[in-house]
Amino acid sequence: MTKALCEAPLQSGSSETLDPQNWDDIRALGHRMLDDMIDYAADIRDRPVWQPIPHEVRARFNAGLPRQPSELGAVYREFTDFIVPYATGNVHPGFMGWVHGGGSAVGMLAEMLAAGLNSNLGGRDHIPLEVEQQIVEWTRQMFGFPNTASGIFVTGTSMANLMAVLVARTTALGQAVRQRGLGDEGAVLTAYTSTAAHGCITKAMDIAGFGSDALRCIEVDRLHRVDVAALRARIVADRGAGKKPFLVVGSAGTVDIGAIDDLEALSALCREEQLWFHVDGAYGALGILSPVLAPRLTGLENADSIALDFHKWGQVPYDAGFLLVRDGDRHRATFSAPAAYLRRETRGLAAGSSWPCDLGPDLSRGFRALKTWFTLKTYGTEKLGAVITRTCALAGYLEARILAEPRLELLAPVQLNIVCFRYRAADADKVNRDIVIDIQESGIAAPSTTVIDGRLAIRAAIVNHRTDICDIDALIAAVLDFGAQRSSADGDELLEVAHSPPLAM
Ligand SMILES: Cc1ncc(COP(=O)(O)O)c(C=O)c1O
């Protein structure tokens, strides 16, 4: 220690602690915060879904580093005045953009409790790890995995997919890849997914060192499911060309339209070809909780690994991504790395042979499991499954309204909870992009956009358990209103409506 530090005066009962001088003050303010956030959720419909951030508000977050303390009440006022009104909006039932879960008051409370415990779930012997292990066990049961399976919470499916690619890599090349890198053998490995797969699979191949060219994106059928015959042919061709196929990534709910690959056919193909079968089930995998959807996920039980998010259809507050791996030994072989300071003991706080830090890149890990545990226990999987079924029924209602409205056009078959459509107009790409932004800025709803067969689509992903028929009606009314405004502003006549026939489902 430096001399100056040794000589600094040291007194007991120092005021340098961050605990309050008066716990009652923080208790009172804490109760108010809790009331305010419960009101926020209870009265969410009184708010705009989202609103543009005024320049002055954004500028407040360019302030200099606060060197001096501020009164907590004043900091909290900044939160209520300048953060709460400009949040993403996915708590609101009118939020249908991208694929965002709505969270719940139960999950919010659990998050506070987890922060109070401030546990680090990288490892060691404490009950929070047993809670995470309990979720691993429940998830294993949900998907019919063997009891040798392992699982771990991560930020989200992007991370879970990356980790699955790494487990598949170690399985293909052996553990030596961790010391020697991919080498010549790794350079000929190839992986397969569909053109409809999420971009994070490509990113995972890039980050894992294979390069995105080693990922073959196979064409999809009319329902955006991977063409299994084309996949098989590409594997054969690659083998013929000296490549070594090692991984197939199937999708259980594609990001654009919610297509589910033929998981049974993919699992059979992977078994035949001895390939790692990973499923990106970011939101769709939890469809297993819905008796209506579960049969469509047949084959998922044969996957070598599944990535999913409890923060999407599971309604757990962000973030709660998860990776489940059939063979826990392979999972551990990919990530465990002994270190003197992480030595395991047979008793004491360092007891326990397998710690989550052996199953992923993170050593510091929060207690994501607690909000998931509260959510699963409080609502039960039947109720969560019913919520999932209902979001699909609402998507069906939206589809029916679109098909009944000549000014609107359905752009993709509705298979799950995602609806892609647009307002008919001459310059439809521009008009629909503007419509989506207009609706977002109006605060009425928050759809997003995507491109389907080269055409810009308004995309409504109904994930939030709060979304109701009135929210779908409000979205349709807003699309028609803004569509009419945008078309007339652009001098764009509404097109004759007899053109494209309704999509066959
Ligand atoms: C099919 C699919 N895969 C992967 C992801 C990425 O998941 P995350 O945002 O949790 O990283 C998403 C996100 O919506 C998705 O829909």
# chains A, B, ... in the order shown; residues from 1 in each chain; ligands from 1
call {"tool": "residues_around", "arguments": {"residues": "Gly348 of chain A", "least_positions_apart": "3", "cutoff": "8 Å", "atoms": "only C-alpha atoms", "output": "PyMOL selection string"}}
result
chain A and resi 125+345+351
call {"tool": "residues_around", "arguments": {"residues": "segment 388-402 of chain A", "least_positions_apart": "2", "cutoff": "10 Å", "atoms": "only C-alpha atoms", "output": "JSON, numbers by chain"}}
result
{"A": [284, 286, 287, 288, 289, 290, 291, 292, 293, 313, 314, 315, 382, 383, 384, 385, 386, 404, 405, 406, 407, 408, 409, 410, 412, 413, 414, 415, 416, 417, 418, 419, 420, 421, 422, 423, 460, 461, 462, 463, 464, 465, 466, 467, 468, 469, 471, 472, 473, 475, 476, 502]}
call {"tool": "select_by_dssp", "arguments": {"residues": "segment 134-372 of chain A", "states": "strand (DSSP E or B)", "output": "PyMOL selection string"}}
result
chain A and resi 150-154+189-194+215-218+220+226+244-252+260+276-280+305-309+321-325+345+351
call {"tool": "atom_distance", "arguments": {"atom1": "atom CA of Ser442 of chain A", "atom2": "atom CA of Ala477 of chain A"}}
result
12.4 Å
call {"tool": "residues_near_ligand", "arguments": {"ligand": "ligand 1", "cutoff": "6 Å", "atoms": "only C-alpha atoms and all ligand atoms", "output": "PyMOL selection string"}}
result
chain A and resi 99+156-158+198+253-255+280+282+309+321
call {"tool": "write_last_selection", "arguments": {"atoms": "N, CA and C atoms", "output": "PDB file, in the first residue's frame"}}
result
ATOM      1  N   VAL A  99     -40.068  -7.374 -31.274  1.00  0.00           N
ATOM      2  CA  VAL A  99     -40.706  -8.456 -30.478  1.00  0.00           C
ATOM      3  C   VAL A  99     -40.365  -8.191 -29.017  1.00  0.00           C
ATOM      4  N   GLY A 156     -29.768 -12.224 -23.657  1.00  0.00           N
ATOM      5  CA  GLY A 156     -30.876 -12.477 -24.576  1.00  0.00           C
ATOM      6  C   GLY A 156     -30.503 -13.569 -25.561  1.00  0.00           C
ATOM      7  N   THR A 157     -31.377 -13.795 -26.522  1.00  0.00           N
ATOM      8  CA  THR A 157     -31.162 -14.882 -27.470  1.00  0.00           C
ATOM      9  C   THR A 157     -29.952 -14.652 -28.365  1.00  0.00           C
ATOM     10  N   SER A 158     -29.599 -13.407 -28.632  1.00  0.00           N
ATOM     11  CA  SER A 158     -28.394 -13.165 -29.447  1.00  0.00           C
ATOM     12  C   SER A 158     -27.198 -13.804 -28.762  1.00  0.00           C
ATOM     13  N   HIS A 198     -32.833 -15.016 -37.843  1.00  0.00           N
ATOM     14  CA  HIS A 198     -32.453 -13.722 -37.264  1.00  0.00           C
ATOM     15  C   HIS A 198     -30.978 -13.423 -37.558  1.00  0.00           C
ATOM     16  N   GLY A 253     -40.257 -19.644 -34.745  1.00  0.00           N
ATOM     17  CA  GLY A 253     -40.797 -18.279 -34.735  1.00  0.00           C
ATOM     18  C   GLY A 253     -39.780 -17.344 -35.364  1.00  0.00           C
ATOM     19  N   THR A 254     -39.881 -17.143 -36.689  1.00  0.00           N
ATOM     20  CA  THR A 254     -38.923 -16.221 -37.323  1.00  0.00           C
ATOM     21  C   THR A 254     -39.286 -14.791 -36.952  1.00  0.00           C
ATOM     22  N   VAL A 255     -38.258 -13.963 -36.986  1.00  0.00           N
ATOM     23  CA  VAL A 255     -38.434 -12.598 -36.494  1.00  0.00           C
ATOM     24  C   VAL A 255     -39.398 -11.803 -37.363  1.00  0.00           C
ATOM     25  N   ASP A 280     -33.224 -21.582 -32.630  1.00  0.00           N
ATOM     26  CA  ASP A 280     -33.437 -20.212 -32.165  1.00  0.00           C
ATOM     27  C   ASP A 280     -34.929 -20.090 -31.867  1.00  0.00           C
ATOM     28  N   ALA A 282     -36.213 -17.713 -29.788  1.00  0.00           N
ATOM     29  CA  ALA A 282     -36.207 -16.448 -29.041  1.00  0.00           C
ATOM     30  C   ALA A 282     -37.559 -16.196 -28.360  1.00  0.00           C
ATOM     31  N   ASP A 309     -35.986 -16.487 -24.912  1.00  0.00           N
ATOM     32  CA  ASP A 309     -36.057 -15.313 -24.032  1.00  0.00           C
ATOM     33  C   ASP A 309     -37.290 -15.400 -23.141  1.00  0.00           C
ATOM     34  N   GLY A 321     -32.664 -13.772 -21.068  1.00  0.00           N
ATOM     35  CA  GLY A 321     -32.402 -14.746 -22.126  1.00  0.00           C
ATOM     36  C   GLY A 321     -31.942 -16.056 -21.505  1.00  0.00           C
TER      37      GLY A 321
END
call {"tool": "residues_around", "arguments": {"residues": "Pro146 of chain A", "least_positions_apart": "6", "cutoff": "9 Å", "atoms": "only C-alpha atoms", "output": "PyMOL selection string"}}
result
chain A and resi 140+326-327
call {"tool": "write_last_selection", "arguments": {"atoms": "N, CA and C atoms", "output": "PDB file, in the first residue's frame"}}
result
ATOM      1  N   ARG A 140     -35.920 -27.519 -18.638  1.00  0.00           N
ATOM      2  CA  ARG A 140     -35.623 -28.867 -19.124  1.00  0.00           C
ATOM      3  C   ARG A 140     -36.924 -29.676 -19.253  1.00  0.00           C
ATOM      4  N   ARG A 326     -28.634 -29.849 -24.348  1.00  0.00           N
ATOM      5  CA  ARG A 326     -28.979 -31.250 -24.024  1.00  0.00           C
ATOM      6  C   ARG A 326     -27.872 -31.946 -23.239  1.00  0.00           C
ATOM      7  N   ASP A 327     -26.639 -31.783 -23.701  1.00  0.00           N
ATOM      8  CA  ASP A 327     -25.530 -32.489 -23.075  1.00  0.00           C
ATOM      9  C   ASP A 327     -24.713 -31.490 -22.247  1.00  0.00           C
TER      10      ASP A 327
END
call {"tool": "residues_around", "arguments": {"residues": "Leu72 of chain A", "least_positions_apart": "4", "cutoff": "12 Å", "atoms": "only C-alpha atoms", "output": "VMD selection string"}}
result
chain A and resid 20 25 to 30 33 76 to 79
call {"tool": "residues_around", "arguments": {"residues": "Ala265 of chain A", "least_positions_apart": "2", "cutoff": "12 Å", "atoms": "only C-alpha atoms", "output": "PyMOL selection string"}}
result
chain A and resi 225-229+231-232+248+250+260-263+267-272+277+297-300+302-303
call {"tool": "write_last_selection", "arguments": {"atoms": "N, CA and C atoms", "output": "PDB file, in the first residue's frame"}}
result
ATOM      1  N   ARG A 225     -40.613 -21.153 -44.092  1.00  0.00           N
ATOM      2  CA  ARG A 225     -39.916 -22.229 -43.375  1.00  0.00           C
ATOM      3  C   ARG A 225     -38.761 -22.713 -44.242  1.00  0.00           C
ATOM      4  N   VAL A 226     -37.699 -23.119 -43.594  1.00  0.00           N
ATOM      5  CA  VAL A 226     -36.531 -23.544 -44.368  1.00  0.00           C
ATOM      6  C   VAL A 226     -36.922 -24.709 -45.290  1.00  0.00           C
ATOM      7  N   ASP A 227     -36.386 -24.672 -46.508  1.00  0.00           N
ATOM      8  CA  ASP A 227     -36.631 -25.736 -47.475  1.00  0.00           C
ATOM      9  C   ASP A 227     -35.670 -26.886 -47.135  1.00  0.00           C
ATOM     10  N   VAL A 228     -36.215 -27.914 -46.521  1.00  0.00           N
ATOM     11  CA  VAL A 228     -35.362 -28.982 -45.972  1.00  0.00           C
ATOM     12  C   VAL A 228     -34.659 -29.754 -47.097  1.00  0.00           C
ATOM     13  N   ALA A 229     -35.324 -29.920 -48.234  1.00  0.00           N
ATOM     14  CA  ALA A 229     -34.691 -30.625 -49.358  1.00  0.00           C
ATOM     15  C   ALA A 229     -33.491 -29.815 -49.866  1.00  0.00           C
ATOM     16  N   LEU A 231     -31.780 -27.724 -48.141  1.00  0.00           N
ATOM     17  CA  LEU A 231     -30.761 -27.783 -47.084  1.00  0.00           C
ATOM     18  C   LEU A 231     -29.944 -29.079 -47.221  1.00  0.00           C
ATOM     19  N   ARG A 232     -30.675 -30.176 -47.409  1.00  0.00           N
ATOM     20  CA  ARG A 232     -29.992 -31.464 -47.550  1.00  0.00           C
ATOM     21  C   ARG A 232     -29.041 -31.437 -48.756  1.00  0.00           C
ATOM     22  N   VAL A 248     -26.749 -26.987 -37.730  1.00  0.00           N
ATOM     23  CA  VAL A 248     -27.963 -26.462 -38.365  1.00  0.00           C
ATOM     24  C   VAL A 248     -28.721 -25.652 -37.316  1.00  0.00           C
ATOM     25  N   GLY A 250     -32.266 -24.069 -36.631  1.00  0.00           N
ATOM     26  CA  GLY A 250     -33.670 -23.939 -37.022  1.00  0.00           C
ATOM     27  C   GLY A 250     -34.300 -22.768 -36.290  1.00  0.00           C
ATOM     28  N   ILE A 260     -42.441 -21.150 -38.223  1.00  0.00           N
ATOM     29  CA  ILE A 260     -41.763 -22.200 -37.455  1.00  0.00           C
ATOM     30  C   ILE A 260     -41.240 -23.226 -38.455  1.00  0.00           C
ATOM     31  N   ASP A 261     -39.917 -23.422 -38.463  1.00  0.00           N
ATOM     32  CA  ASP A 261     -39.346 -24.439 -39.359  1.00  0.00           C
ATOM     33  C   ASP A 261     -39.918 -25.811 -39.018  1.00  0.00           C
ATOM     34  N   ASP A 262     -39.788 -26.735 -39.955  1.00  0.00           N
ATOM     35  CA  ASP A 262     -40.203 -28.115 -39.691  1.00  0.00           C
ATOM     36  C   ASP A 262     -39.124 -28.738 -38.792  1.00  0.00           C
ATOM     37  N   LEU A 263     -39.314 -28.595 -37.496  1.00  0.00           N
ATOM     38  CA  LEU A 263     -38.268 -28.982 -36.541  1.00  0.00           C
ATOM     39  C   LEU A 263     -38.067 -30.494 -36.510  1.00  0.00           C
ATOM     40  N   SER A 267     -34.554 -32.132 -37.223  1.00  0.00           N
ATOM     41  CA  SER A 267     -33.876 -32.967 -36.227  1.00  0.00           C
ATOM     42  C   SER A 267     -33.511 -34.315 -36.849  1.00  0.00           C
ATOM     43  N   ALA A 268     -34.368 -34.841 -37.726  1.00  0.00           N
ATOM     44  CA  ALA A 268     -34.056 -36.117 -38.388  1.00  0.00           C
ATOM     45  C   ALA A 268     -32.841 -35.946 -39.299  1.00  0.00           C
ATOM     46  N   LEU A 269     -32.815 -34.859 -40.021  1.00  0.00           N
ATOM     47  CA  LEU A 269     -31.689 -34.599 -40.930  1.00  0.00           C
ATOM     48  C   LEU A 269     -30.376 -34.483 -40.141  1.00  0.00           C
ATOM     49  N   CYS A 270     -30.442 -33.766 -39.021  1.00  0.00           N
ATOM     50  CA  CYS A 270     -29.233 -33.573 -38.213  1.00  0.00           C
ATOM     51  C   CYS A 270     -28.756 -34.905 -37.627  1.00  0.00           C
ATOM     52  N   ARG A 271     -29.722 -35.739 -37.256  1.00  0.00           N
ATOM     53  CA  ARG A 271     -29.332 -37.045 -36.713  1.00  0.00           C
ATOM     54  C   ARG A 271     -28.618 -37.867 -37.791  1.00  0.00           C
ATOM     55  N   GLU A 272     -29.231 -37.887 -38.983  1.00  0.00           N
ATOM     56  CA  GLU A 272     -28.637 -38.629 -40.107  1.00  0.00           C
ATOM     57  C   GLU A 272     -27.237 -38.116 -40.445  1.00  0.00           C
ATOM     58  N   PHE A 277     -27.856 -29.712 -33.764  1.00  0.00           N
ATOM     59  CA  PHE A 277     -29.144 -29.096 -34.109  1.00  0.00           C
ATOM     60  C   PHE A 277     -29.498 -28.077 -33.031  1.00  0.00           C
ATOM     61  N   LEU A 297     -44.519 -27.342 -32.486  1.00  0.00           N
ATOM     62  CA  LEU A 297     -43.098 -27.304 -32.115  1.00  0.00           C
ATOM     63  C   LEU A 297     -42.503 -28.705 -32.015  1.00  0.00           C
ATOM     64  N   THR A 298     -43.246 -29.689 -32.494  1.00  0.00           N
ATOM     65  CA  THR A 298     -42.739 -31.060 -32.435  1.00  0.00           C
ATOM     66  C   THR A 298     -41.374 -31.129 -33.117  1.00  0.00           C
ATOM     67  N   GLY A 299     -40.444 -31.781 -32.451  1.00  0.00           N
ATOM     68  CA  GLY A 299     -39.068 -31.861 -32.967  1.00  0.00           C
ATOM     69  C   GLY A 299     -38.125 -31.033 -32.105  1.00  0.00           C
ATOM     70  N   LEU A 300     -38.701 -30.034 -31.427  1.00  0.00           N
ATOM     71  CA  LEU A 300     -37.891 -29.179 -30.545  1.00  0.00           C
ATOM     72  C   LEU A 300     -37.246 -30.017 -29.437  1.00  0.00           C
ATOM     73  N   ASN A 302     -35.926 -32.703 -29.674  1.00  0.00           N
ATOM     74  CA  ASN A 302     -34.728 -33.419 -30.163  1.00  0.00           C
ATOM     75  C   ASN A 302     -33.538 -32.482 -30.377  1.00  0.00           C
ATOM     76  N   ALA A 303     -33.741 -31.197 -30.102  1.00  0.00           N
ATOM     77  CA  ALA A 303     -32.646 -30.245 -30.365  1.00  0.00           C
ATOM     78  C   ALA A 303     -31.460 -30.535 -29.449  1.00  0.00           C
TER      79      ALA A 303
END
call {"tool": "atom_distance", "arguments": {"atom1": "atom CA of Lys203 of chain A", "atom2": "atom CA of Asn161 of chain A"}}
result
9.5 Å
call {"tool": "select_by_dssp", "arguments": {"residues": "segment 314-449 of chain A", "states": "helix (DSSP H, G or I)", "output": "NGL selection string"}}
result
:A and (328-335 or 340-342 or 356-358 or 368-403 or 428-442)
call {"tool": "closest_residue", "arguments": {"among": "A:Ile439, A:Ala337, A:Ala369, A:Ala230", "to": "Gln179 of chain A", "atoms": "only C-alpha atoms"}}
result
A:Ala337
call {"tool": "closest_residue", "arguments": {"among": "A:Ala197, A:Leu117, A:Ala484, A:Met205", "to": "Ala425 of chain A", "atoms": "only C-alpha atoms"}}
result
A:Ala484
call {"tool": "closest_residue", "arguments": {"among": "A:Leu403, A:Ala110, A:Val188, A:Ile135", "to": "Gly240 of chain A", "atoms": "only C-alpha atoms"}}
result
A:Val188
call {"tool": "closest_residue", "arguments": {"among": "A:Trp355, A:Tyr40, A:Phe61, A:Phe322", "to": "Val136 of chain A", "atoms": "only C-alpha atoms"}}
result
A:Phe322
call {"tool": "closest_residue", "arguments": {"among": "A:Gly183, A:Thr80, A:Val316, A:Gly144", "to": "Tyr379 of chain A", "atoms": "only C-alpha atoms"}}
result
A:Val316
call {"tool": "residues_around", "arguments": {"residues": "Ile235 of chain A", "least_positions_apart": "6", "cutoff": "9 Å", "atoms": "only C-alpha atoms", "output": "PyMOL selection string"}}
result
chain A and resi 190+192+243-245+273
call {"tool": "write_last_selection", "arguments": {"atoms": "all heavy atoms", "output": "CSV table (one decimal), in the first residue's frame"}}
result
chain,number,residue,atom,x,y,z
A,190,THR,N,-18.8,-25.7,-41.8
A,190,THR,CA,-19.9,-24.9,-42.4
A,190,THR,C,-21.2,-25.1,-41.6
A,190,THR,O,-21.5,-26.2,-41.0
A,190,THR,CB,-20.3,-25.3,-43.9
A,190,THR,OG1,-20.3,-26.7,-44.0
A,190,THR,CG2,-19.2,-24.7,-44.8
A,192,TYR,N,-25.6,-24.0,-41.2
A,192,TYR,CA,-26.8,-23.8,-42.0
A,192,TYR,C,-27.9,-23.2,-41.3
A,192,TYR,O,-28.2,-23.6,-40.1
A,192,TYR,CB,-27.2,-25.2,-42.6
A,192,TYR,CG,-26.0,-25.8,-43.4
A,192,TYR,CD1,-25.0,-26.5,-42.6
A,192,TYR,CD2,-25.9,-25.7,-44.7
A,192,TYR,CE1,-23.9,-27.0,-43.3
A,192,TYR,CE2,-24.8,-26.2,-45.4
A,192,TYR,CZ,-23.8,-26.9,-44.7
A,192,TYR,OH,-22.7,-27.4,-45.3
A,243,LYS,N,-15.9,-29.4,-47.6
A,243,LYS,CA,-16.3,-28.7,-46.4
A,243,LYS,C,-16.8,-29.7,-45.3
A,243,LYS,O,-17.1,-30.9,-45.6
A,243,LYS,CB,-17.5,-27.8,-46.7
A,243,LYS,CG,-17.1,-26.7,-47.7
A,243,LYS,CD,-16.2,-25.7,-47.1
A,243,LYS,CE,-15.9,-24.6,-48.1
A,243,LYS,NZ,-14.8,-23.7,-47.6
A,244,LYS,N,-16.9,-29.3,-44.1
A,244,LYS,CA,-17.4,-30.1,-43.0
A,244,LYS,C,-18.5,-29.5,-42.3
A,244,LYS,O,-18.4,-28.7,-41.4
A,244,LYS,CB,-16.2,-30.4,-42.0
A,244,LYS,CG,-15.2,-31.3,-42.5
A,244,LYS,CD,-14.3,-31.9,-41.4
A,244,LYS,CE,-13.4,-32.9,-42.0
A,244,LYS,NZ,-12.1,-32.9,-41.3
A,245,PRO,N,-19.7,-29.8,-42.7
A,245,PRO,CA,-20.9,-29.3,-42.1
A,245,PRO,C,-20.9,-29.7,-40.6
A,245,PRO,O,-20.6,-30.9,-40.3
A,245,PRO,CB,-22.1,-30.0,-42.8
A,245,PRO,CG,-21.5,-30.3,-44.2
A,245,PRO,CD,-20.1,-30.6,-43.9
A,273,GLU,N,-27.1,-36.8,-40.5
A,273,GLU,CA,-25.9,-36.2,-41.0
A,273,GLU,C,-24.9,-35.9,-39.8
A,273,GLU,O,-23.8,-35.4,-40.0
A,273,GLU,CB,-26.2,-34.9,-41.7
A,273,GLU,CG,-27.0,-35.0,-42.9
A,273,GLU,CD,-26.2,-35.5,-44.1
A,273,GLU,OE1,-24.9,-35.4,-44.0
A,273,GLU,OE2,-26.7,-35.9,-45.1
call {"tool": "residues_around", "arguments": {"residues": "Met159 of chain A", "least_positions_apart": "4", "cutoff": "12 Å", "atoms": "only C-alpha atoms", "output": "list of chain:residue names"}}
result
A:Ile152, A:Phe153, A:Val154, A:Thr155, A:Met163, A:Ala164, A:Val165, A:Leu166, A:Cys200, A:Ile201, A:Lys203, A:Ala204, A:Met205, A:Ile207, A:Ala208, A:Asp280, A:Ala282, A:Ile306, A:Ala307, A:Leu308, A:Asp309, A:Asp319, A:Ala320, A:Gly321, A:Phe322, A:Leu323, A:Gly360, A:Pro361, A:Asp362
call {"tool": "atom_distance", "arguments": {"atom1": "atom CA of Thr17 of chain A", "atom2": "atom CA of Asn118 of chain A"}}
result
16.6 Å
call {"tool": "decode", "arguments": {"residues": "segment 180-210 of chain A", "atoms": "C-alpha atoms", "output": "PDB file, in the first residue's frame"}}
result
ATOM      1  CA  ARG A 180      -5.246 -23.620 -30.695  1.00  0.00           C
ATOM      2  CA  GLY A 181      -8.085 -21.722 -32.313  1.00  0.00           C
ATOM      3  CA  LEU A 182     -10.033 -22.855 -35.379  1.00  0.00           C
ATOM      4  CA  GLY A 183      -6.987 -23.776 -37.466  1.00  0.00           C
ATOM      5  CA  ASP A 184      -7.242 -25.549 -40.817  1.00  0.00           C
ATOM      6  CA  GLU A 185      -9.962 -27.900 -39.619  1.00  0.00           C
ATOM      7  CA  GLY A 186     -12.110 -25.035 -38.397  1.00  0.00           C
ATOM      8  CA  ALA A 187     -11.700 -23.227 -41.698  1.00  0.00           C
ATOM      9  CA  VAL A 188     -13.724 -25.898 -43.513  1.00  0.00           C
ATOM     10  CA  LEU A 189     -16.612 -26.082 -41.029  1.00  0.00           C
ATOM     11  CA  THR A 190     -19.948 -24.881 -42.387  1.00  0.00           C
ATOM     12  CA  ALA A 191     -23.246 -24.089 -40.677  1.00  0.00           C
ATOM     13  CA  TYR A 192     -26.781 -23.838 -42.038  1.00  0.00           C
ATOM     14  CA  THR A 193     -29.864 -21.788 -41.348  1.00  0.00           C
ATOM     15  CA  SER A 194     -32.609 -20.193 -43.438  1.00  0.00           C
ATOM     16  CA  THR A 195     -32.775 -16.831 -45.166  1.00  0.00           C
ATOM     17  CA  ALA A 196     -35.538 -15.978 -42.659  1.00  0.00           C
ATOM     18  CA  ALA A 197     -33.317 -16.578 -39.602  1.00  0.00           C
ATOM     19  CA  HIS A 198     -32.453 -13.722 -37.264  1.00  0.00           C
ATOM     20  CA  GLY A 199     -29.320 -11.724 -38.098  1.00  0.00           C
ATOM     21  CA  CYS A 200     -27.729 -12.625 -34.774  1.00  0.00           C
ATOM     22  CA  ILE A 201     -26.939 -16.102 -36.163  1.00  0.00           C
ATOM     23  CA  THR A 202     -24.756 -14.527 -38.839  1.00  0.00           C
ATOM     24  CA  LYS A 203     -23.217 -12.315 -36.188  1.00  0.00           C
ATOM     25  CA  ALA A 204     -22.532 -15.356 -34.007  1.00  0.00           C
ATOM     26  CA  MET A 205     -20.670 -17.082 -36.845  1.00  0.00           C
ATOM     27  CA  ASP A 206     -18.657 -13.929 -37.357  1.00  0.00           C
ATOM     28  CA  ILE A 207     -17.820 -13.486 -33.654  1.00  0.00           C
ATOM     29  CA  ALA A 208     -17.003 -17.188 -33.246  1.00  0.00           C
ATOM     30  CA  GLY A 209     -14.292 -16.777 -35.874  1.00  0.00           C
ATOM     31  CA  PHE A 210     -15.855 -18.808 -38.699  1.00  0.00           C
TER      32      PHE A 210
END
